[in-house]
Structures are given as C-alpha cells and as structure tokens.
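A.B. asks: What follows is the file query_4.tsv, containing TSV, C-alpha atoms:
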```tsv
chain	number	residue	atom	x	y	z
A	222	MET	CA	170.51	-21.48	35.58
A	223	GLN	CA	168.01	-18.67	35.58
A	224	SER	CA	167.20	-17.07	32.28
A	225	TYR	CA	167.68	-13.62	30.90
A	226	GLU	CA	166.34	-12.18	27.69
A	227	SER	CA	167.67	-9.31	25.64
A	228	GLY	CA	165.56	-6.31	24.85
A	229	PRO	CA	164.21	-5.49	21.38
A	230	ASP	CA	166.35	-4.62	18.38
A	231	ARG	CA	168.73	-1.85	19.45
A	232	GLN	CA	169.51	-0.32	16.07
A	233	ASN	CA	167.32	2.70	16.73
A	234	SER	CA	167.29	2.63	20.53
A	235	LYS	CA	169.46	3.94	23.34
A	236	PRO	CA	173.17	3.00	23.57
A	237	ILE	CA	174.10	-0.29	25.18
A	238	ARG	CA	175.01	0.36	28.82
A	239	VAL	CA	178.23	-1.37	29.93
A	240	LEU	CA	179.71	-1.88	33.39
A	241	VAL	CA	183.45	-2.64	33.43
A	242	VAL	CA	184.66	-4.77	36.36
A	243	ASP	CA	188.41	-5.26	36.84
A	244	ASP	CA	190.82	-4.77	39.72
A	245	SER	CA	193.39	-3.04	37.48
A	246	ALA	CA	192.84	0.69	36.98
A	247	ILE	CA	194.86	0.51	33.76
A	248	VAL	CA	192.71	-2.27	32.32
A	249	ARG	CA	189.52	-0.48	33.34
A	250	ARG	CA	190.75	2.61	31.49
A	251	ILE	CA	191.78	0.65	28.38
A	252	LEU	CA	188.46	-1.17	28.19
A	253	SER	CA	186.47	2.00	28.81
A	254	LEU	CA	188.38	3.80	26.05
A	255	ALA	CA	187.83	0.97	23.54
A	256	ILE	CA	184.12	0.88	24.32
A	257	SER	CA	183.50	4.63	24.47
A	258	GLN	CA	184.77	5.18	20.92
A	259	HIS	CA	181.46	3.80	19.63
A	260	GLN	CA	178.29	5.89	19.73
A	261	ASP	CA	176.04	2.89	20.30
A	262	LEU	CA	177.98	1.86	23.44
A	263	HIS	CA	178.15	3.70	26.76
A	264	VAL	CA	180.28	2.85	29.81
A	265	VAL	CA	177.94	3.66	32.69
A	266	GLY	CA	180.48	2.81	35.36
A	267	THR	CA	183.50	0.79	36.47
A	268	ALA	CA	184.21	-1.33	39.53
A	269	SER	CA	187.43	-2.62	41.07
A	270	ASP	CA	185.92	-5.60	42.88
A	271	PRO	CA	182.71	-7.65	42.97
A	272	PHE	CA	181.24	-5.88	46.02
A	273	ILE	CA	181.43	-2.51	44.29
A	274	ALA	CA	180.18	-4.13	41.10
A	275	ARG	CA	177.16	-5.62	42.90
A	276	ASP	CA	176.07	-2.18	44.10
A	277	LYS	CA	176.62	-0.63	40.68
A	278	ILE	CA	174.62	-3.35	38.92
A	279	LEU	CA	171.66	-2.52	41.15
A	280	GLU	CA	172.15	1.24	40.83
A	281	LEU	CA	173.10	1.63	37.16
A	282	LYS	CA	171.22	-1.32	35.60
A	283	PRO	CA	173.77	-2.10	32.85
A	284	ASP	CA	172.84	-4.09	29.78
A	285	VAL	CA	176.21	-5.90	29.69
A	286	VAL	CA	178.97	-6.50	32.25
A	287	THR	CA	182.63	-7.17	31.42
A	288	LEU	CA	184.16	-9.24	34.21
A	289	ASP	CA	187.70	-10.10	35.26
A	290	LEU	CA	188.11	-13.48	36.96
A	291	GLU	CA	191.04	-12.67	39.24
A	292	MET	CA	189.97	-9.98	41.73
A	293	PRO	CA	190.31	-9.19	45.44
A	294	ARG	CA	187.71	-10.03	48.10
A	295	MET	CA	185.77	-12.37	45.78
A	296	ASP	CA	186.92	-14.27	42.70
A	297	GLY	CA	185.14	-13.71	39.40
A	298	LEU	CA	183.63	-17.19	39.13
A	299	THR	CA	181.97	-16.86	42.52
A	300	PHE	CA	180.65	-13.44	41.57
A	301	LEU	CA	179.39	-14.76	38.24
A	302	LYS	CA	177.40	-17.46	40.05
A	303	LYS	CA	175.79	-14.77	42.20
A	304	ILE	CA	174.97	-12.61	39.16
A	305	MET	CA	173.29	-15.53	37.41
A	306	LYS	CA	171.34	-16.44	40.53
A	307	TYR	CA	170.16	-13.04	41.73
A	308	HIS	CA	170.42	-10.64	38.76
A	309	PRO	CA	171.05	-12.57	35.51
A	310	LEU	CA	172.33	-10.44	32.66
A	311	PRO	CA	174.86	-10.84	29.81
A	312	VAL	CA	178.45	-11.13	31.07
A	313	ILE	CA	181.63	-11.04	28.97
A	314	VAL	CA	184.61	-12.53	30.79
A	315	ILE	CA	187.88	-10.71	30.05
A	316	SER	CA	190.72	-12.83	31.35
A	317	SER	CA	194.50	-13.09	31.20
A	318	ILE	CA	195.90	-15.58	28.70
A	319	GLY	CA	197.24	-18.66	30.42
A	320	GLN	CA	196.18	-22.28	30.75
A	321	ALA	CA	194.77	-21.84	34.27
A	322	SER	CA	192.92	-18.67	33.26
A	323	ALA	CA	191.60	-20.39	30.15
A	324	THR	CA	190.25	-23.28	32.22
A	325	HIS	CA	188.49	-20.82	34.51
A	326	ALA	CA	187.11	-19.01	31.46
A	327	MET	CA	185.60	-22.26	30.18
A	328	GLU	CA	183.98	-22.75	33.57
A	329	ALA	CA	182.62	-19.20	33.33
A	330	LEU	CA	180.92	-20.09	30.05
A	331	ARG	CA	179.35	-23.11	31.70
A	332	LEU	CA	178.09	-20.90	34.51
A	333	GLY	CA	176.39	-18.49	32.11
A	334	ALA	CA	178.92	-16.03	30.68
A	335	VAL	CA	178.12	-15.17	27.06
A	336	GLU	CA	181.69	-14.63	25.80
A	337	VAL	CA	185.32	-14.93	26.85
A	338	PHE	CA	187.89	-12.40	25.74
A	339	ALA	CA	191.67	-12.08	26.22
A	340	LYS	CA	193.03	-9.12	28.17
A	341	PRO	CA	195.19	-6.76	26.12
A	342	ASP	CA	198.93	-7.18	26.72
A	343	GLY	CA	200.41	-4.75	24.21
A	344	ALA	CA	199.75	-2.26	21.41
A	345	SER	CA	198.79	-4.94	18.88
A	346	SER	CA	196.33	-6.62	21.24
A	347	PHE	CA	194.81	-3.26	22.11
A	348	GLY	CA	194.19	-2.66	18.42
A	349	GLU	CA	192.41	-6.02	18.18
A	350	LEU	CA	190.49	-5.24	21.36
A	351	ALA	CA	189.27	-1.93	19.97
A	352	THR	CA	187.98	-3.77	16.89
A	353	THR	CA	186.47	-6.89	18.38
A	354	LEU	CA	185.32	-6.01	21.92
A	355	PRO	CA	182.55	-3.64	20.74
A	356	TYR	CA	181.36	-6.38	18.38
A	357	ARG	CA	181.24	-8.86	21.29
A	358	ILE	CA	179.35	-6.39	23.46
A	359	ARG	CA	176.71	-5.92	20.78
A	360	ALA	CA	176.37	-9.70	20.51
A	361	ALA	CA	176.04	-10.01	24.27
A	362	ALA	CA	173.36	-7.31	24.37
A	363	GLN	CA	171.34	-9.25	21.80
A	364	SER	CA	171.81	-12.58	23.54
A	365	LYS	CA	169.34	-14.58	25.50
A	366	ARG	CA	169.67	-17.37	28.00
A	367	ILE	CA	166.74	-19.71	28.19
A	368	SER	CA	166.82	-22.27	30.96
A	369	SER	CA	164.78	-24.72	28.89
A	370	ILE	CA	167.42	-24.95	26.11
A	371	ASN	CA	169.65	-27.40	27.94
A	372	ALA	CA	166.62	-29.19	29.41
A	373	ALA	CA	165.09	-29.84	25.98
A	374	PRO	CA	165.02	-33.54	25.07
A	375	GLN	CA	167.88	-34.94	23.00
A	376	GLU	CA	166.93	-37.20	20.12
A	377	PRO	CA	168.48	-40.68	20.47
A	378	LEU	CA	171.54	-41.30	18.32
A	379	PRO	CA	172.38	-44.54	16.53
A	380	GLU	CA	174.85	-46.74	18.41
A	381	SER	CA	177.14	-46.88	15.39
A	382	ALA	CA	177.67	-44.19	12.81
A	383	GLY	CA	178.53	-46.60	9.99
A	384	HIS	CA	179.03	-43.90	7.35
A	385	GLN	CA	182.01	-42.25	5.68
A	386	PHE	CA	181.59	-38.50	5.43
A	387	LEU	CA	182.75	-35.35	7.21
A	388	ILE	CA	180.85	-33.36	9.84
A	389	ALA	CA	181.58	-29.62	9.96
A	390	ILE	CA	180.33	-27.28	12.69
A	391	GLY	CA	180.57	-23.50	13.02
A	392	ALA	CA	179.45	-21.29	15.90
A	393	SER	CA	180.05	-18.05	17.78
A	394	THR	CA	178.25	-16.49	20.76
A	395	GLY	CA	176.70	-19.28	22.83
A	396	GLY	CA	178.45	-21.86	20.70
A	397	THR	CA	180.63	-23.51	23.32
A	398	GLU	CA	177.60	-24.94	25.11
A	399	ALA	CA	175.83	-25.82	21.85
A	400	ILE	CA	178.91	-27.61	20.47
A	401	GLU	CA	179.40	-29.40	23.78
A	402	ARG	CA	175.84	-30.73	23.62
A	403	ILE	CA	176.37	-32.06	20.10
A	404	VAL	CA	179.87	-33.50	20.41
A	405	THR	CA	179.28	-35.24	23.74
A	406	GLN	CA	176.41	-37.18	22.13
A	407	MET	CA	178.54	-38.56	19.30
A	408	PRO	CA	179.32	-42.32	19.23
A	409	ALA	CA	182.95	-43.41	19.45
A	410	ASP	CA	183.06	-44.34	15.75
A	411	CYS	CA	181.41	-41.19	14.45
A	412	PRO	CA	182.61	-39.57	11.23
A	413	PRO	CA	185.47	-37.06	11.43
A	414	ILE	CA	184.43	-33.67	12.81
A	415	VAL	CA	185.96	-30.23	12.21
A	416	ILE	CA	184.88	-27.27	14.32
A	417	VAL	CA	185.26	-23.51	14.18
A	418	GLN	CA	184.17	-21.70	17.33
A	419	HIS	CA	184.96	-17.99	17.61
A	420	ILE	CA	187.23	-18.04	20.67
A	421	PRO	CA	190.62	-16.51	21.63
A	422	PRO	CA	193.95	-18.39	21.53
A	423	VAL	CA	194.69	-20.68	24.51
A	424	PHE	CA	190.98	-20.61	25.35
A	425	SER	CA	190.42	-22.77	22.25
A	426	SER	CA	192.83	-25.36	23.65
A	427	ALA	CA	191.00	-25.38	27.00
A	428	PHE	CA	187.70	-25.75	25.15
A	429	ALA	CA	188.99	-28.74	23.15
A	430	ASN	CA	190.45	-30.37	26.26
A	431	ARG	CA	187.17	-30.02	28.13
A	432	LEU	CA	185.24	-31.58	25.24
A	433	ASP	CA	187.74	-34.43	25.08
A	434	LYS	CA	187.19	-35.29	28.75
A	435	MET	CA	183.41	-35.27	28.34
A	436	SER	CA	183.10	-37.17	25.04
A	437	LYS	CA	183.30	-40.70	23.69
A	438	ILE	CA	185.39	-39.39	20.79
A	439	HIS	CA	188.85	-37.80	20.87
A	440	VAL	CA	188.75	-34.01	20.68
A	441	LYS	CA	191.85	-31.87	20.25
A	442	GLU	CA	192.89	-28.40	19.19
A	443	ALA	CA	193.97	-28.73	15.56
A	444	GLU	CA	197.62	-28.65	14.58
A	445	ASP	CA	198.85	-27.98	11.08
A	446	GLY	CA	198.76	-31.25	9.12
A	447	ASP	CA	196.44	-33.16	11.44
A	448	ALA	CA	194.71	-36.03	9.65
A	449	ILE	CA	190.93	-36.21	9.28
A	450	LEU	CA	190.04	-39.42	11.13
A	451	PRO	CA	186.82	-41.13	12.30
A	452	GLY	CA	186.15	-40.78	15.99
A	453	ARG	CA	188.09	-37.53	16.24
A	454	ALA	CA	187.09	-33.86	16.31
A	455	LEU	CA	189.51	-31.04	15.50
A	456	VAL	CA	188.87	-27.58	16.95
A	457	ALA	CA	190.35	-24.59	15.11
A	458	PRO	CA	192.89	-22.71	17.26
A	459	GLY	CA	191.99	-19.17	18.26
A	460	ASN	CA	193.21	-16.43	15.90
A	461	ILE	CA	194.16	-18.88	13.10
A	462	HIS	CA	192.11	-19.91	10.07
A	463	MET	CA	191.63	-23.66	9.56
A	464	ILE	CA	191.09	-25.19	6.13
A	465	LEU	CA	190.79	-28.66	4.66
A	466	ARG	CA	193.31	-29.86	2.08
A	467	ASN	CA	193.93	-33.01	0.07
A	468	SER	CA	197.26	-34.75	0.58
A	469	GLN	CA	198.85	-37.90	-0.80
A	470	ASP	CA	197.80	-39.83	2.30
A	471	GLY	CA	194.29	-38.42	2.69
A	472	LEU	CA	192.53	-35.37	4.00
A	473	ARG	CA	194.31	-33.11	6.47
A	474	VAL	CA	193.75	-29.71	8.01
A	475	ALA	CA	196.01	-26.75	7.39
A	476	LEU	CA	196.33	-23.70	9.62
A	477	ARG	CA	196.77	-20.34	7.94
A	478	ASP	CA	197.19	-16.75	9.00
A	479	GLY	CA	195.24	-14.16	7.08
A	480	PRO	CA	192.87	-11.24	7.40
A	481	LEU	CA	189.75	-11.36	9.51
A	482	VAL	CA	186.74	-12.71	7.60
A	483	CYS	CA	183.40	-11.37	8.80
A	484	TYR	CA	185.37	-9.86	11.71
A	485	GLN	CA	186.59	-13.33	12.67
A	486	ARG	CA	189.73	-15.45	12.72
A	487	PRO	CA	189.21	-18.40	12.65
A	488	SER	CA	186.31	-18.00	10.25
A	489	VAL	CA	183.56	-20.52	9.61
A	490	ASP	CA	183.31	-19.32	6.01
A	491	VAL	CA	186.98	-20.08	5.39
A	492	LEU	CA	186.60	-23.65	6.67
A	493	PHE	CA	183.28	-24.37	4.95
A	494	LYS	CA	184.43	-23.07	1.57
A	495	SER	CA	187.62	-25.16	1.74
A	496	ILE	CA	185.53	-28.26	2.49
A	497	ALA	CA	183.32	-27.59	-0.53
A	498	ASP	CA	186.46	-27.36	-2.69
A	499	CYS	CA	187.96	-30.59	-1.29
A	500	LEU	CA	184.96	-32.82	-0.72
A	501	GLY	CA	182.07	-31.38	-2.65
A	502	GLY	CA	178.93	-32.94	-1.25
A	503	ASN	CA	180.51	-35.58	0.98
A	504	CYS	CA	179.82	-33.52	4.10
A	505	VAL	CA	177.07	-32.55	6.48
A	506	ALA	CA	177.45	-29.10	8.05
A	507	ALA	CA	175.76	-27.26	10.90
A	508	LEU	CA	175.78	-23.52	11.55
A	509	LEU	CA	174.93	-22.75	15.16
A	510	THR	CA	174.23	-19.77	17.39
A	511	GLY	CA	176.21	-16.56	16.90
A	512	MET	CA	176.07	-12.92	15.90
A	513	GLY	CA	176.88	-11.71	12.40
A	514	SER	CA	177.03	-13.56	9.11
A	515	ASP	CA	180.16	-15.73	9.30
A	516	GLY	CA	179.45	-19.16	7.87
A	517	ALA	CA	176.39	-18.23	5.83
A	518	GLN	CA	178.21	-17.94	2.50
A	519	GLY	CA	180.28	-21.03	3.25
A	520	LEU	CA	177.19	-23.05	4.11
A	521	LEU	CA	175.60	-21.93	0.84
A	522	LYS	CA	178.66	-23.07	-1.11
A	523	LEU	CA	178.50	-26.45	0.64
A	524	ARG	CA	174.82	-26.89	-0.18
A	525	GLN	CA	175.41	-25.91	-3.80
A	526	ALA	CA	178.15	-28.57	-3.91
A	527	GLY	CA	175.66	-31.20	-2.74
A	528	ALA	CA	176.38	-31.30	0.99
A	529	ARG	CA	173.59	-31.59	3.54
A	530	THR	CA	173.16	-28.48	5.69
A	531	VAL	CA	171.51	-27.66	9.02
A	532	THR	CA	171.04	-24.46	11.01
A	533	GLN	CA	170.03	-24.05	14.64
A	534	ASP	CA	166.57	-22.60	15.16
A	535	GLU	CA	165.94	-19.20	16.72
A	536	ALA	CA	164.30	-20.52	19.88
A	537	SER	CA	167.40	-22.49	20.95
A	538	CYS	CA	170.02	-19.92	19.86
A	539	VAL	CA	171.69	-17.56	22.34
A	540	VAL	CA	172.06	-15.16	19.39
A	541	TYR	CA	170.11	-15.87	16.20
A	542	GLY	CA	172.45	-14.13	13.78
A	543	MET	CA	174.62	-16.47	11.75
A	544	PRO	CA	171.89	-19.12	11.27
A	545	ARG	CA	169.39	-16.46	10.25
A	546	GLU	CA	171.73	-15.12	7.57
A	547	ALA	CA	172.21	-18.64	6.21
A	548	VAL	CA	168.45	-19.20	6.06
A	549	LYS	CA	168.03	-15.91	4.18
A	550	LEU	CA	170.55	-17.08	1.57
A	551	GLY	CA	168.83	-20.44	1.11
A	552	ALA	CA	171.91	-22.19	2.51
A	553	SER	CA	170.03	-24.17	5.16
A	554	GLU	CA	168.35	-27.41	4.15
A	555	ARG	CA	166.85	-27.92	7.62
A	556	VAL	CA	166.28	-25.63	10.61
A	557	LEU	CA	166.30	-27.62	13.84
A	558	PRO	CA	166.34	-27.09	17.60
A	559	LEU	CA	169.66	-27.80	19.26
A	560	GLY	CA	168.43	-31.09	20.74
A	561	ARG	CA	167.85	-32.57	17.25
A	562	ILE	CA	171.03	-31.47	15.49
A	563	ALA	CA	173.40	-34.25	16.62
A	564	THR	CA	171.02	-36.90	15.27
A	565	ALA	CA	170.56	-34.97	12.02
A	566	LEU	CA	174.32	-34.76	11.48
A	567	LEU	CA	174.53	-38.56	11.52
A	568	GLN	CA	171.29	-39.37	9.69
A	569	LEU	CA	171.03	-36.76	6.94
A	570	PRO	CA	173.57	-38.40	4.59
A	571	ASN	CA	171.50	-41.64	4.56
```
Show me this structure written as structure tokens.
C.D. replies:
Amino acid sequence: MQSYESGPDRQNSKPIRVLVVDDSAIVRRILSLAISQHQDLHVVGTASDPFIARDKILELKPDVVTLDLEMPRMDGLTFLKKIMKYHPLPVIVISSIGQASATHAMEALRLGAVEVFAKPDGASSFGELATTLPYRIRAAAQSKRISSINAAPQEPLPESAGHQFLIAIGASTGGTEAIERIVTQMPADCPPIVIVQHIPPVFSSAFANRLDKMSKIHVKEAEDGDAILPGRALVAPGNIHMILRNSQDGLRVALRDGPLVCYQRPSVDVLFKSIADCLGGNCVAALLTGMGSDGAQGLLKLRQAGARTVTQDEASCVVYGMPREAVKLGASERVLPLGRIATALLQLPN
C-alpha cells in the first residue's frame, strides 16, 4: 500500500475539503448537509459514481473522501484500490448496515480506508450522523498511512502465555489493523482479552469474525454475560458500552446503553475504569491509535490501581491522539511501536 501523510495541524488553517461519493442523490444531500454545518469542514463537490469521482479528485484535490461501496459502473472496493494506488488520500467508507456490507467494509479497511460509517436510515441515525461524521472527518484529515508500519518487525512471542491476568485493548481510527496485528500474534492459551474499537453496529461483528478466522485464539463479538476465559477475545459491539463485572462464577462482561463518553459508544474509558474497579492491578492494558482522548482517563485509573499500561508510539499510529493524551496524563508506563506491543502485553506482568 502506498502511503499518504496528513498536512500540519489544521486548527488555524483552511477548512478540511471533503468530496462526497454516493450513487444516491438523497444520501449525497444528507451527508453534505451534515458536513456543511461545521465551519472547519467544506464540501468541495459530490459524485454519483467512481468515474466522476476520479475526475473530481484530480480537479478539486479534496483532503478527505467519503465513499459508498455499492455504486454503478465500478464498485467501491475496486475504486478504493485505484485511489490507494494512484492518488492515496484519507477515505471514509459510508456503507449500508448488513452482514454483506459489513464484510465489504472490513475489506475496505484492509485496503486502506481510514474509517467505516453506517449510512443514515432514519431521523435518529441522521442525528447521530450529524454529531459523529464531522468528528470522523477531522480524524481522517489528521491521519497518516505509512507503508512501513505493517512491514516493521514483530517481536517474537513466547510459545505459552502461562500467566493469569487480563489483557485490555482500546483503539479508534486505524485501530482495526493495529488490533489485528496484535491479536493474530497471540498464542492459543493467551490470557483473556477484552477489546473496544470505535466501530458501528454490525461492522463490529464482521470485525470480530475476521479476527477469529485469522487468529489462534477464539474471537467473538461480546454478548451480555459472556465469561472472561483464557484463549478468547471479546470485542465490544458497536453502539453499546462494555464493562467488566464480578459474578458468583467468575468475571463476565456486561453490555450497557448510556450516553456517549468522549463522543464514543462503546467507550474505552468505560471499559478500562470498570476493569480497575473489578481487578485492580491484575491487568495489562494498551491504548492504540485514534483521535480524541477516549481511554486516557481509564488508562490512568488502571495504572493507579497497579495495572501495567502501554501506549502505541506516534510513528506507528494512524492518528496519534488517544495515546498522546494518555502520555500527557502520566497514564502510560511504556510507549512502544506497534510491532512490540503484543510481546509487551504478555511479558509486562512478569
């Protein structure tokens, strides 16, 4: 994959230029309206198919593209491959909710898309879109893709974990690839893993299923009451908070509705703070790439409780936001490149 880098800090610079690509005129209008309500964002154009979009990318030079996957004349995945090959820039996939669409969205992330987002299907989802899409666009504009990240050497892992503790991972923009790299390295008998990745409903299930097929361990989207077991990773469902709770027969996860925390649901902070309350220091936690501050306060609470804590370094992050905030708070015990984090998660408790 070719690389692209974001420009400098945009807080005092020109608005982020967005190209909206979708075959539905209604969806193009809805997205344009949600984006245009913010002074730091500017829709420079729209396109109804990839051929029109190709010409407008060259003409208008957008900073971010929103891309539908189901379009006439050329499907979105094929077009995404061409973007990443000939004119790499941040792409947010906006797709219909459905298992097939979610699987395609996961493939889009593998091909280089920065984010996936669910298409609005009613008044309530439009309200969420108006709140969260601008946030995602800002994250995409700050993102970077560095071809050497995935090529960086992976530290060897021990053949057997041999320890009883919990691994907790939180991530946002760029996190699906980072989490994949960590989880697929884990030995079959690794400690239990709980994961919060900022991702829409249904897409979270597709993400967990993909990890399960690629890993030695069992990975599943969490269900309310799931037990915390060695050799298994639980992924928080999209749009639902996941917490840890003590039960008569051991640790289990609970799924809870609730307000957005740091603009997110599920929230890394919510999970991390619940782990600190349940386990104290019997945990090692990693906060990975992502925009904003979600997870920083939770990681601090874990470290104060005696847990071991790791953050991903700036060079290997797609967006160095959440880890940076944790470092500022003193929540991070170690700052490591992505290729060293899996090993650290198993070795730090020694």
A.B. asks: What is the CA of Leu566 in chain A to CA of Ile388 in chain A distance in Å?
C.D. replies: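 Computing it gives 6.9 Å between the two atoms.
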A.B. asks: Could you pull the residues within 9 Å of Val489 in chain A, counting only C-alpha atoms, minus those fewer than 5 positions along the same chain, as an MDAnalysis selection string?
C.D. replies: chainID A and resid 390:392 416:419 462:463 482 494 508 515:517 519:520
A.B. asks: Which is closest to Lys437 in chain A among A:Ala454, A:Met295, A:Ile313, A:Met407, if we use all atoms listed in the file?
C.D. replies: A:Met407
A.B. asks: What is the distance, in Å and to one decimal place, between CA of Met512 in chain A and CA of Lys235 in chain A?
C.D. replies: 19.6 Å
A.B. asks: Dig up all the protein and nucleic acid residues within 10 Å of (176.6, -28.7, 23.1) in the file frame, using all atoms listed in the file, and format them as a short mmCIF file (atom, residue, chain, number, x, y, z; two decimals) with C-alpha atoms, in the frame of the given file.
C.D. replies:
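Done, and the output landed in result.cif:
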```cif
data_model
loop_
_atom_site.label_atom_id
_atom_site.label_comp_id
_atom_site.auth_asym_id
_atom_site.auth_seq_id
_atom_site.Cartn_x
_atom_site.Cartn_y
_atom_site.Cartn_z
CA ASN A 371 169.65 -27.40 27.94
CA GLY A 395 176.70 -19.28 22.83
CA GLY A 396 178.45 -21.86 20.70
CA THR A 397 180.63 -23.51 23.32
CA GLU A 398 177.60 -24.94 25.11
CA ALA A 399 175.83 -25.82 21.85
CA ILE A 400 178.91 -27.61 20.47
CA GLU A 401 179.40 -29.40 23.78
CA ARG A 402 175.84 -30.73 23.62
CA ILE A 403 176.37 -32.06 20.10
CA VAL A 404 179.87 -33.50 20.41
CA THR A 405 179.28 -35.24 23.74
CA GLN A 406 176.41 -37.18 22.13
CA LEU A 432 185.24 -31.58 25.24
CA LEU A 559 169.66 -27.80 19.26
CA GLY A 560 168.43 -31.09 20.74
CA ILE A 562 171.03 -31.47 15.49
CA ALA A 563 173.40 -34.25 16.62
#
```
A.B. asks: From the options A:Ala323, A:Ile438, A:Ala329, A:Val505, which residue's atoms come nearest to Gly459 in chain A, counting all atoms listed in the file?
C.D. replies: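 Of all the options, A:Ala323 lies closest to Gly459 in chain A.
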A.B. asks: Work out how far CA of Gln485 in chain A is from CA of Pro236 in chain A, in Å to one decimal.
C.D. replies: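 Pair CA of Pro236 in chain A / CA of Gln485 in chain A returns 23.8 Å.
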A.B. asks: Taking all atoms listed in the file into account, which of A:Ala427, A:Ile315, A:Leu240, A:Leu567 comes nearest Pro412 in chain A?
C.D. replies: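 Closest to Pro412 in chain A, using all atoms listed in the file: A:Leu567.
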A.B. asks: Would you kindly return, as a PyMOL selection string, each protein, DNA or RNA residue with an atom no farther than 7 Å from any atom of Glu442 in chain A, considering only C-alpha atoms and excluding same-chain residues fewer than 2 positions away?
C.D. replies: chain A and resi 425-426+429+444+455-458
A.B. asks: List as a ChimeraX atom specification the protein and nucleic acid residues near Ile461 in chain A, meaning an atom at most 10 Å away when only C-alpha atoms are counted, but skip any in the same chain fewer than 5 places from it.
C.D. replies: /A:421-422,475-481,485-488
A.B. asks: Write the residues of the preceding selection, restricted to C-alpha atoms, as a PDB file, in the coordinates of the input.
C.D. replies:
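New file out-v4.pdb:
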```pdb
ATOM      1  CA  PRO A 421     190.620 -16.510  21.630  1.00  0.00           C
ATOM      2  CA  PRO A 422     193.950 -18.390  21.530  1.00  0.00           C
ATOM      3  CA  ALA A 475     196.010 -26.750   7.390  1.00  0.00           C
ATOM      4  CA  LEU A 476     196.330 -23.700   9.620  1.00  0.00           C
ATOM      5  CA  ARG A 477     196.770 -20.340   7.940  1.00  0.00           C
ATOM      6  CA  ASP A 478     197.190 -16.750   9.000  1.00  0.00           C
ATOM      7  CA  GLY A 479     195.240 -14.160   7.080  1.00  0.00           C
ATOM      8  CA  PRO A 480     192.870 -11.240   7.400  1.00  0.00           C
ATOM      9  CA  LEU A 481     189.750 -11.360   9.510  1.00  0.00           C
ATOM     10  CA  GLN A 485     186.590 -13.330  12.670  1.00  0.00           C
ATOM     11  CA  ARG A 486     189.730 -15.450  12.720  1.00  0.00           C
ATOM     12  CA  PRO A 487     189.210 -18.400  12.650  1.00  0.00           C
ATOM     13  CA  SER A 488     186.310 -18.000  10.250  1.00  0.00           C
TER      14      SER A 488
END
```
A.B. asks: Using all atoms listed in the file, find all polymer residues with an atom at most 10 Å away from the point (180.0, -5.3, 40.7); report them as a CSV table (one decimal) with C-alpha atoms, keeping the file's coordinate frame.
C.D. replies:
```
chain,number,residue,atom,x,y,z
A,240,LEU,CA,179.7,-1.9,33.4
A,241,VAL,CA,183.4,-2.6,33.4
A,242,VAL,CA,184.7,-4.8,36.4
A,243,ASP,CA,188.4,-5.3,36.8
A,266,GLY,CA,180.5,2.8,35.4
A,267,THR,CA,183.5,0.8,36.5
A,268,ALA,CA,184.2,-1.3,39.5
A,269,SER,CA,187.4,-2.6,41.1
A,270,ASP,CA,185.9,-5.6,42.9
A,271,PRO,CA,182.7,-7.6,43.0
A,272,PHE,CA,181.2,-5.9,46.0
A,273,ILE,CA,181.4,-2.5,44.3
A,274,ALA,CA,180.2,-4.1,41.1
A,275,ARG,CA,177.2,-5.6,42.9
A,276,ASP,CA,176.1,-2.2,44.1
A,277,LYS,CA,176.6,-0.6,40.7
A,278,ILE,CA,174.6,-3.4,38.9
A,279,LEU,CA,171.7,-2.5,41.2
A,286,VAL,CA,179.0,-6.5,32.2
A,287,THR,CA,182.6,-7.2,31.4
A,288,LEU,CA,184.2,-9.2,34.2
A,297,GLY,CA,185.1,-13.7,39.4
A,300,PHE,CA,180.6,-13.4,41.6
A,301,LEU,CA,179.4,-14.8,38.2
A,304,ILE,CA,175.0,-12.6,39.2
```
A.B. asks: Which residue out of A:Met305, A:Ala389, A:Met292, A:Ile358 has the minimum interatomic distance to Leu262 in chain A when only C-alpha atoms are used?
C.D. replies: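 Using only C-alpha atoms, Leu262 in chain A sits closest to A:Ile358.
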A.B. asks: Residues at most 9 Å from Ser322 in chain A, counting all atoms listed in the file, excluding those fewer than 4 positions away in the same chain, as an mmCIF file with C-alpha atoms, in the frame of the given file?
C.D. replies:
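Dumped to selection_1.cif:
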```cif
data_model
loop_
_atom_site.group_PDB
_atom_site.id
_atom_site.type_symbol
_atom_site.label_atom_id
_atom_site.label_comp_id
_atom_site.auth_asym_id
_atom_site.auth_seq_id
_atom_site.Cartn_x
_atom_site.Cartn_y
_atom_site.Cartn_z
ATOM 1 C CA LEU A 290 188.110 -13.480 36.960
ATOM 2 C CA GLU A 291 191.040 -12.670 39.240
ATOM 3 C CA SER A 316 190.720 -12.830 31.350
ATOM 4 C CA SER A 317 194.500 -13.090 31.200
ATOM 5 C CA ILE A 318 195.900 -15.580 28.700
ATOM 6 C CA ALA A 326 187.110 -19.010 31.460
ATOM 7 C CA MET A 327 185.600 -22.260 30.180
ATOM 8 C CA PHE A 424 190.980 -20.610 25.350
#
```
A.B. asks: Identify which of the residues A:Pro309, A:Ala507, A:Cys411, A:Asn460 lies closest to Glu554 in chain A, counting all atoms listed in the file when measuring atom-to-atom distances.
C.D. replies: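 Looking only at the distances to Glu554 in chain A, the closest residue turns out to be A:Ala507.
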A.B. asks: Looking at all atoms listed in the file, which of A:Gln363, A:Asn467, A:Asn503, A:Gln568 is the one that sits closest to Val539 in chain A?
C.D. replies: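 For Val539 in chain A, the nearest of the candidates is A:Gln363.
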A.B. asks: Can you pull out every residue within 10 Å of Gly471 in chain A, counting all atoms listed in the file, but drop anything in the same chain fewer than 3 positions away, and send it as a list in words?
C.D. replies: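 Near neighbours after the sequence-gap exclusion: Ala448, Ile449, Leu450, Arg466, Asn467 and Ser468 of chain A.
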